[in-house]
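Below is entry_23.cif, holding mmCIF, C-alpha atoms.
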```cif
data_upload
#
loop_
_atom_site.label_atom_id
_atom_site.label_comp_id
_atom_site.auth_asym_id
_atom_site.auth_seq_id
_atom_site.Cartn_x
_atom_site.Cartn_y
_atom_site.Cartn_z
CA MET A 153 -5.75 5.66 -20.66
CA LYS A 154 -7.75 2.54 -19.86
CA TYR A 155 -7.35 1.08 -16.37
CA ARG A 156 -9.52 -0.63 -13.75
CA SER A 157 -10.24 1.67 -10.83
CA LEU A 158 -11.26 0.45 -7.39
CA ASN A 159 -14.61 2.25 -7.64
CA SER A 160 -15.53 0.53 -10.90
CA TYR A 161 -14.40 -2.84 -9.54
CA LEU A 162 -16.55 -2.42 -6.40
CA GLN A 163 -19.52 -1.31 -8.47
CA ASP A 164 -19.16 -4.35 -10.74
CA THR A 165 -18.68 -6.73 -7.81
CA PHE A 166 -21.23 -5.44 -5.29
CA GLY A 167 -23.61 -3.45 -7.50
CA GLN A 168 -23.11 -0.16 -5.65
CA LYS A 169 -20.54 2.20 -4.18
CA VAL A 170 -18.71 0.64 -1.22
CA TYR A 171 -16.88 2.51 1.53
CA LYS A 172 -13.82 1.38 3.47
CA ILE A 173 -13.65 1.58 7.26
CA SER A 174 -10.17 1.33 8.79
CA ILE A 175 -10.07 -0.96 11.81
CA ASP A 176 -7.38 -1.13 14.49
CA GLY A 177 -7.31 -4.71 15.78
CA GLY A 178 -4.78 -4.00 18.54
CA PHE A 179 -1.88 -5.69 16.74
CA THR A 180 1.82 -4.96 16.84
CA CYS A 181 4.52 -5.91 14.32
CA PRO A 182 7.56 -8.25 14.33
CA ASN A 183 9.54 -5.25 13.11
CA ARG A 184 8.67 -3.44 16.35
CA ASP A 185 8.40 -6.05 19.08
CA GLY A 186 11.98 -7.30 18.73
CA THR A 187 11.29 -10.43 16.68
CA ILE A 188 12.99 -8.80 13.68
CA ASP A 189 13.73 -5.28 14.93
CA THR A 190 12.41 -2.74 17.40
CA SER A 191 12.48 0.36 15.19
CA GLY A 192 9.84 -0.51 12.60
CA CYS A 193 10.13 0.36 8.92
CA ILE A 194 11.88 3.68 8.41
CA PHE A 195 8.77 5.39 7.01
CA CYS A 196 6.15 3.93 9.36
CA SER A 197 4.26 6.29 11.66
CA ALA A 198 3.69 5.75 15.37
CA GLY A 199 0.25 4.42 14.49
CA GLY A 200 1.65 1.64 12.32
CA SER A 201 0.33 3.27 9.13
CA GLY A 202 -3.14 3.16 10.64
CA ASP A 203 -3.44 6.87 11.39
CA PHE A 204 -6.97 7.03 9.98
CA ALA A 205 -8.16 3.89 11.78
CA GLU A 206 -10.82 3.90 14.48
CA ASP A 207 -10.00 3.66 18.20
CA ARG A 208 -8.37 0.33 19.08
CA ARG A 209 -10.01 0.40 22.51
CA LEU A 210 -13.37 -0.23 20.84
CA SER A 211 -14.59 -3.62 19.66
CA VAL A 212 -14.55 -4.38 15.94
CA THR A 213 -18.33 -3.87 15.78
CA GLU A 214 -18.09 -0.54 17.61
CA GLN A 215 -15.32 0.59 15.24
CA ILE A 216 -17.46 -0.32 12.23
CA GLU A 217 -20.39 1.64 13.65
CA GLN A 218 -18.16 4.65 14.31
CA GLY A 219 -16.83 4.45 10.74
CA LYS A 220 -20.36 4.23 9.37
CA LYS A 221 -21.31 7.42 11.20
CA ARG A 222 -18.36 9.24 9.65
CA VAL A 223 -19.32 8.10 6.14
CA GLU A 224 -23.01 8.79 6.57
CA ALA A 225 -22.32 12.31 7.89
CA LYS A 226 -20.68 13.07 4.55
CA MET A 227 -23.00 10.96 2.40
CA PRO A 228 -26.45 11.19 4.04
CA LYS A 229 -28.36 9.85 1.04
CA LYS A 230 -28.31 6.06 1.20
CA PRO A 231 -29.13 3.60 -1.59
CA GLU A 232 -32.27 1.48 -1.15
CA ASN A 233 -30.41 -1.40 0.49
CA GLY A 234 -28.19 0.88 2.61
CA ASN A 235 -24.50 1.72 2.41
CA LYS A 236 -22.07 -1.17 2.23
CA TYR A 237 -18.58 -1.33 3.69
CA ILE A 238 -15.20 -3.05 3.59
CA ALA A 239 -13.70 -3.65 7.04
CA TYR A 240 -10.02 -2.82 6.57
CA PHE A 241 -7.68 -4.13 9.26
CA GLN A 242 -5.01 -1.52 8.64
CA ALA A 243 -2.84 -0.63 11.63
CA PHE A 244 0.41 -2.60 12.09
CA THR A 245 0.56 -6.30 11.03
CA ASN A 246 -2.92 -7.77 11.04
CA THR A 247 -2.10 -11.49 10.86
CA TYR A 248 0.51 -11.26 13.64
CA ALA A 249 -1.42 -13.04 16.39
CA PRO A 250 -2.59 -16.55 17.33
CA VAL A 251 -5.23 -17.97 14.98
CA SER A 252 -7.79 -18.01 17.80
CA ARG A 253 -7.46 -14.24 18.17
CA LEU A 254 -7.54 -13.68 14.41
CA ARG A 255 -10.69 -15.79 14.07
CA GLU A 256 -12.43 -13.76 16.76
CA LEU A 257 -11.60 -10.40 15.14
CA TYR A 258 -12.22 -11.34 11.51
CA ALA A 259 -15.44 -13.21 12.27
CA GLU A 260 -16.84 -10.19 14.10
CA ALA A 261 -16.20 -8.06 11.02
CA ILE A 262 -17.61 -10.65 8.62
CA GLU A 263 -20.78 -11.07 10.67
CA HIS A 264 -21.65 -7.38 10.47
CA PRO A 265 -24.59 -7.14 8.05
CA ASP A 266 -23.28 -4.02 6.28
CA VAL A 267 -19.79 -5.44 5.66
CA VAL A 268 -19.40 -7.00 2.20
CA ALA A 269 -15.67 -7.83 2.39
CA VAL A 270 -12.74 -7.82 4.80
CA SER A 271 -9.32 -6.48 3.81
CA ILE A 272 -6.30 -7.42 5.90
CA GLY A 273 -3.04 -5.48 5.78
CA THR A 274 -0.02 -7.59 6.70
CA ARG A 275 3.57 -8.59 6.01
CA PRO A 276 4.35 -11.51 3.67
CA ASP A 277 6.41 -13.14 6.43
CA CYS A 278 3.42 -13.32 8.78
CA LEU A 279 1.26 -15.85 6.93
CA PRO A 280 1.82 -19.30 8.45
CA GLU A 281 -0.15 -22.27 7.17
CA GLU A 282 -2.76 -22.17 9.95
CA THR A 283 -3.47 -18.50 9.20
CA LEU A 284 -3.81 -19.25 5.49
CA ASP A 285 -6.29 -22.02 6.33
CA LEU A 286 -8.33 -19.60 8.45
CA LEU A 287 -8.38 -17.00 5.68
CA SER A 288 -9.49 -19.65 3.19
CA GLU A 289 -12.29 -20.77 5.49
CA LEU A 290 -13.56 -17.21 6.01
CA ASN A 291 -13.21 -16.40 2.31
CA ALA A 292 -16.01 -18.89 1.68
CA VAL A 293 -18.32 -16.70 3.80
CA LYS A 294 -17.43 -13.23 2.48
CA PRO A 295 -14.53 -12.07 0.31
CA ILE A 296 -11.21 -11.80 2.14
CA TRP A 297 -8.52 -9.58 0.63
CA VAL A 298 -4.94 -9.65 1.84
CA GLU A 299 -2.84 -6.53 1.38
CA LEU A 300 0.91 -7.20 1.32
CA GLY A 301 3.45 -4.50 2.12
CA LEU A 302 6.14 -5.10 -0.50
CA GLN A 303 7.11 -1.45 -1.22
CA THR A 304 10.05 -2.33 -3.51
CA ILE A 305 11.76 -5.28 -5.21
CA HIS A 306 15.22 -3.74 -4.83
CA GLU A 307 17.26 -5.17 -1.97
CA LYS A 308 19.26 -2.00 -1.35
CA SER A 309 16.01 -0.11 -0.80
CA ALA A 310 14.50 -2.94 1.26
CA GLU A 311 17.53 -2.84 3.54
CA TYR A 312 17.37 0.96 3.82
CA ILE A 313 13.69 0.96 4.82
CA ARG A 314 14.30 -1.95 7.25
CA ARG A 315 11.65 -4.12 5.60
CA GLY A 316 13.05 -7.22 7.25
CA TYR A 317 12.42 -9.94 4.65
CA PRO A 318 13.82 -10.86 1.20
CA LEU A 319 11.84 -10.73 -2.05
CA GLN A 320 11.33 -14.49 -2.23
CA VAL A 321 9.20 -14.30 0.93
CA TYR A 322 6.78 -12.02 -0.93
CA ASP A 323 6.75 -14.40 -3.91
CA GLU A 324 5.95 -17.35 -1.65
CA ALA A 325 3.17 -15.45 0.15
CA VAL A 326 1.53 -14.55 -3.17
CA ARG A 327 1.70 -18.18 -4.34
CA ASN A 328 0.25 -19.44 -1.05
CA LEU A 329 -2.61 -16.94 -1.07
CA GLN A 330 -3.39 -17.63 -4.72
CA GLY A 331 -3.45 -21.33 -3.86
CA LYS A 332 -6.24 -20.54 -1.41
CA ASN A 333 -8.12 -18.37 -3.96
CA ILE A 334 -7.62 -15.28 -1.81
CA GLU A 335 -7.44 -11.90 -3.50
CA VAL A 336 -4.05 -10.20 -3.09
CA ILE A 337 -3.33 -6.45 -3.17
CA THR A 338 0.30 -5.33 -3.15
CA HIS A 339 1.53 -2.05 -1.70
CA VAL A 340 4.32 -0.23 -3.56
CA ILE A 341 6.01 2.99 -2.43
CA LEU A 342 7.10 5.33 -5.20
CA GLY A 343 9.86 7.81 -4.43
CA LEU A 344 12.05 5.80 -2.05
CA PRO A 345 15.43 7.50 -1.52
CA GLY A 346 18.06 6.38 -4.00
CA GLU A 347 15.65 4.68 -6.40
CA SER A 348 15.65 5.81 -10.01
CA ARG A 349 12.48 6.18 -12.02
CA GLU A 350 13.40 3.00 -13.92
CA GLU A 351 13.81 1.05 -10.66
CA MET A 352 10.40 2.19 -9.43
CA LEU A 353 8.81 1.05 -12.68
CA GLU A 354 10.65 -2.29 -12.38
CA THR A 355 8.90 -2.85 -9.04
CA VAL A 356 5.50 -1.99 -10.54
CA LYS A 357 6.12 -4.30 -13.50
CA TYR A 358 7.20 -7.13 -11.17
CA VAL A 359 4.01 -6.81 -9.12
CA GLY A 360 1.90 -6.82 -12.27
CA ALA A 361 3.62 -10.00 -13.44
CA SER A 362 3.18 -11.73 -10.07
CA GLY A 363 -0.53 -12.29 -10.80
CA VAL A 364 -1.97 -10.31 -7.90
CA GLN A 365 -5.46 -8.87 -8.30
CA GLY A 366 -4.74 -5.36 -7.06
CA ILE A 367 -2.03 -2.79 -6.43
CA LYS A 368 -1.70 0.30 -4.26
CA LEU A 369 0.64 2.90 -5.70
CA GLN A 370 1.69 4.96 -2.70
CA LEU A 371 3.57 8.24 -2.81
CA LEU A 372 6.43 8.33 -0.29
CA HIS A 373 5.32 10.47 2.63
CA VAL A 374 7.74 11.80 5.19
CA ILE A 375 6.01 11.65 8.55
CA GLU A 376 7.05 13.50 11.68
CA GLY A 377 8.91 11.38 14.25
CA THR A 378 10.14 8.73 11.79
CA ASP A 379 13.75 7.93 10.94
CA LEU A 380 12.89 8.86 7.35
CA ALA A 381 12.08 12.37 8.58
CA LYS A 382 15.57 12.63 10.12
CA ASP A 383 17.14 11.72 6.78
CA TYR A 384 14.92 14.20 4.96
CA GLU A 385 15.76 17.00 7.39
CA ALA A 386 19.46 16.17 6.96
CA GLU A 387 18.89 16.66 3.20
CA HIS A 388 19.88 13.08 2.33
CA PHE A 389 17.14 12.97 -0.31
CA LYS A 390 14.45 15.05 -1.98
CA CYS A 391 10.80 14.22 -2.56
CA MET A 392 9.27 14.20 -6.02
CA THR A 393 7.34 17.18 -7.33
CA MET A 394 3.67 16.69 -8.09
CA GLU A 395 4.40 16.92 -11.82
CA GLU A 396 7.06 14.19 -11.58
CA TYR A 397 4.73 11.97 -9.59
CA VAL A 398 1.81 12.39 -11.99
CA GLU A 399 4.03 11.37 -14.93
CA LEU A 400 5.35 8.39 -12.98
CA ILE A 401 1.83 7.16 -12.19
CA HIS A 402 0.91 7.45 -15.87
CA ASP A 403 3.89 5.30 -16.83
CA ALA A 404 3.31 2.86 -13.97
CA ILE A 405 -0.25 2.17 -15.08
CA GLU A 406 0.97 1.68 -18.64
CA VAL A 407 3.22 -1.25 -17.58
CA LEU A 408 0.50 -2.97 -15.53
CA PRO A 409 -1.95 -5.57 -16.87
CA GLU A 410 -5.28 -3.98 -17.83
CA ASP A 411 -7.26 -6.23 -15.49
CA ILE A 412 -5.33 -5.39 -12.31
CA VAL A 413 -7.35 -3.16 -9.94
CA ILE A 414 -5.68 0.15 -9.05
CA HIS A 415 -6.70 0.50 -5.41
CA ARG A 416 -4.71 3.68 -4.87
CA MET A 417 -2.74 6.16 -6.96
CA THR A 418 -1.33 8.43 -4.26
CA GLY A 419 -2.44 8.13 -0.64
CA ASP A 420 -2.30 10.98 1.84
CA GLY A 421 -0.53 11.27 5.19
CA ALA A 422 -2.16 12.89 8.24
CA LYS A 423 -1.69 16.64 7.68
CA LYS A 424 -0.76 17.32 11.30
CA THR A 425 2.30 15.04 11.05
CA LEU A 426 3.18 15.44 7.36
CA VAL A 427 6.71 16.76 6.80
CA ALA A 428 6.94 16.33 3.02
CA PRO A 429 5.92 16.59 0.24
CA MET A 430 3.49 19.28 1.33
CA TRP A 431 1.72 19.29 -2.05
CA SER A 432 0.37 15.84 -1.24
CA GLY A 433 -1.81 17.35 1.49
CA ASP A 434 -4.10 18.85 -1.17
CA LYS A 435 -5.68 15.56 -2.17
CA LYS A 436 -8.30 17.08 -4.45
CA ARG A 437 -5.65 18.94 -6.46
CA VAL A 438 -3.50 15.81 -6.77
CA LEU A 439 -6.39 13.61 -7.89
CA ASN A 440 -7.52 16.23 -10.41
CA ALA A 441 -3.99 16.34 -11.88
CA LEU A 442 -3.84 12.53 -12.05
CA ASN A 443 -7.27 12.24 -13.66
CA LYS A 444 -6.43 14.90 -16.22
CA ARG A 445 -3.15 13.16 -17.18
CA LEU A 446 -4.72 9.70 -17.35
CA SER A 447 -7.59 10.90 -19.52
CA ASN A 448 -5.15 12.00 -22.28
#
```
Can you present the structure in this file as structure tokens?
Amino acid sequence: MKYRSLNSYLQDTFGQKVYKISIDGGFTCPNRDGTIDTSGCIFCSAGGSGDFAEDRRLSVTEQIEQGKKRVEAKMPKKPENGNKYIAYFQAFTNTYAPVSRLRELYAEAIEHPDVVAVSIGTRPDCLPEETLDLLSELNAVKPIWVELGLQTIHEKSAEYIRRGYPLQVYDEAVRNLQGKNIEVITHVILGLPGESREEMLETVKYVGASGVQGIKLQLLHVIEGTDLAKDYEAEHFKCMTMEEYVELIHDAIEVLPEDIVIHRMTGDGAKKTLVAPMWSGDKKRVLNALNKRLSN
């Protein structure tokens, strides 16, 4: 099956393999600080989905340097011009702060000589005009990507996961970002309780039709300490088997435009807090199964 992988996109864009470093900018979230709710999304870990991010007590530059050391310990052989990196502001909602604070953090990442792009994970309802203007300004220096946590287009599921905004807010955010020529990556969770296979594919199809440049297809992980974990332990739902998930990914990619970049096909939760599905902890096995199915 033909599709555009993140690795091939990065190679085409930057001329070499590029590594992502997860940054914790010290943000919170309107779904946690009481603006919308105090409980967060039902699936979200204590680290605000930034469990693999660097230490928030460090500066952005220090976090990048720490991330570089981790990469280089695994990949000691560097290309002639050195390894290149994407600074990924991952934990919590990374546009949820005054523009002055955002400018300071993003600019520090952009100014790092080994950073070729900055990716910013956020909520569609946290992109006011002044933030969009800042992103547009910085995008002229180095590529800025904005990653939007949509998860699903179905309101019953959105209400269950406590997403906190309606679908039209996502649509407006995509239009606004496209109007500023900023690359958009949408996060989708596959396997949400109560969603049929057809409903999951409807979400994927909707994202593909929205004109975004990239998509992250994320397997639902049940993480220790979340309200989702309580529902799982009460046997309110079951997780997909690996075989079911592999088939779903195959069909999801089939309904997407060929030029959309597949940034992720599974994702993996931190093993020490993973409740289910346990098969997802064997990332190599999962990726091998996906690659085998997609090569047919």
(request) Convert the output of the PyMOL selection byres ((chain A and resi 184) around 12) on the shown file into explicit residues, formatted as a list in words. (result)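 On the file shown, the PyMOL selection byres ((chain A and resi 184) around 12) covers Phe179, Thr180, Cys181, Pro182, Asn183, Asp185, Gly186, Thr187, Ile188, Asp189, Thr190, Ser191, Gly192, Cys193, Ile194, Cys196, Ser197, Ala198, Gly199, Gly200, Phe244, Thr245, Tyr248, Arg314, Arg315 and Gly316 of chain A.
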(request) Kindly provide, as a list in words, the polymer residues lying within 10 Å of (3.6, -1.6, -4.8), counting only C-alpha atoms and using the coordinates exactly as they appear in the file. (result)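 The residues that fall inside the cut-off are Leu300, Gly301, Leu302, Gln303, Thr304, Ile305, Ile337, Thr338, His339, Val340, Ile341, Leu342, Met352, Leu353, Thr355, Val356, Lys357, Tyr358, Val359, Gly360, Gly366, Ile367, Lys368, Leu369, Gln370 and Arg416 of chain A.
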(message) Considering all atoms listed in the file, can you say which of A:Leu287, A:Leu446, A:Leu319, A:Leu329 comes closest to Glu406 of chain A?
(response)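 Of A:Leu287, A:Leu446, A:Leu319, A:Leu329, the one nearest Glu406 of chain A, counting all atoms listed in the file, is A:Leu446.
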With 8 Å on each side, where is the centre of the axis-aligned box around all listed atoms of segment 366-381 of chain A, and how long are its edges in Å to one decimal, as lines of an AutoDock Vina configuration file?
```
center_x = 4.5
center_y = 4.1
center_z = 3.6
size_x = 34.5
size_y = 34.9
size_z = 37.3
```
(request) Have a look at atom CA of Glu376 of chain A and atom CA of Val427 of chain A and let me know their distance in Å, one decimal. (result)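 Pair atom CA of Glu376 of chain A / atom CA of Val427 of chain A returns 5.9 Å.
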(request) Would you write out, as a list in words, every residue that the PyMOL selection byres ((chain A and resi 289) around 12) captures in this file? (result)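 Selection result, ordered by chain and number: Arg255, Tyr258, Ala259, Ile262, Glu282, Thr283, Leu284, Asp285, Leu286, Leu287, Ser288, Leu290, Asn291, Ala292, Val293, Lys294, Pro295, Ile296, Lys332, Asn333 and Ile334 of chain A.
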(request) Enumerate, as JSON, numbers by chain, the protein, DNA and RNA residues whose atoms approach (-7.7, -9.6, -7.6) to within 10 Å, taking into account all atoms listed in the file and the coordinate frame of the file. (result) {"A": [161, 297, 298, 330, 333, 334, 335, 336, 337, 363, 364, 365, 366, 367, 411, 412, 413]}
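All residues of protein, DNA or RNA that reach within 10 Å of Asn448 of chain A, judged by only C-alpha atoms and not counting those fewer than 3 positions away in the chain, are A:Met153, A:His402, A:Asn443, A:Lys444, A:Arg445.
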(request) Point out the residue among A:Pro429, A:Pro318, A:Pro409, A:Gly331 with the least atom-to-atom distance to Gly343 of chain A, counting all atoms listed in the file. (result) A:Pro429
(request) Determine the residue membership of the PyMOL selection byres ((chain A and resi 220-224) around 10) for the file above and supply it as a ChimeraX atom specification. (result) /A:171-173,214-219,225-230,235-237,266
(request) Quote the spacing between atom CA of Gly178 of chain A and atom CA of Thr418 of chain A in Å to one decimal place. (result)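 Computed distance, atom CA of Gly178 of chain A to atom CA of Thr418 of chain A, equals 26.2 Å.
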(request) Work out how far apart atom CA of Ile375 of chain A and atom CA of Tyr312 of chain A are and give it in Å to one decimal. (result) 16.3 Å
(message) Could you check the closest approach to Ala422 of chain A for each of A:Val170, A:Val374, A:Val321, A:Ala243 and tell me which residue wins, using all atoms listed in the file?
(response)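 Closest to Ala422 of chain A, using all atoms listed in the file: A:Val374.
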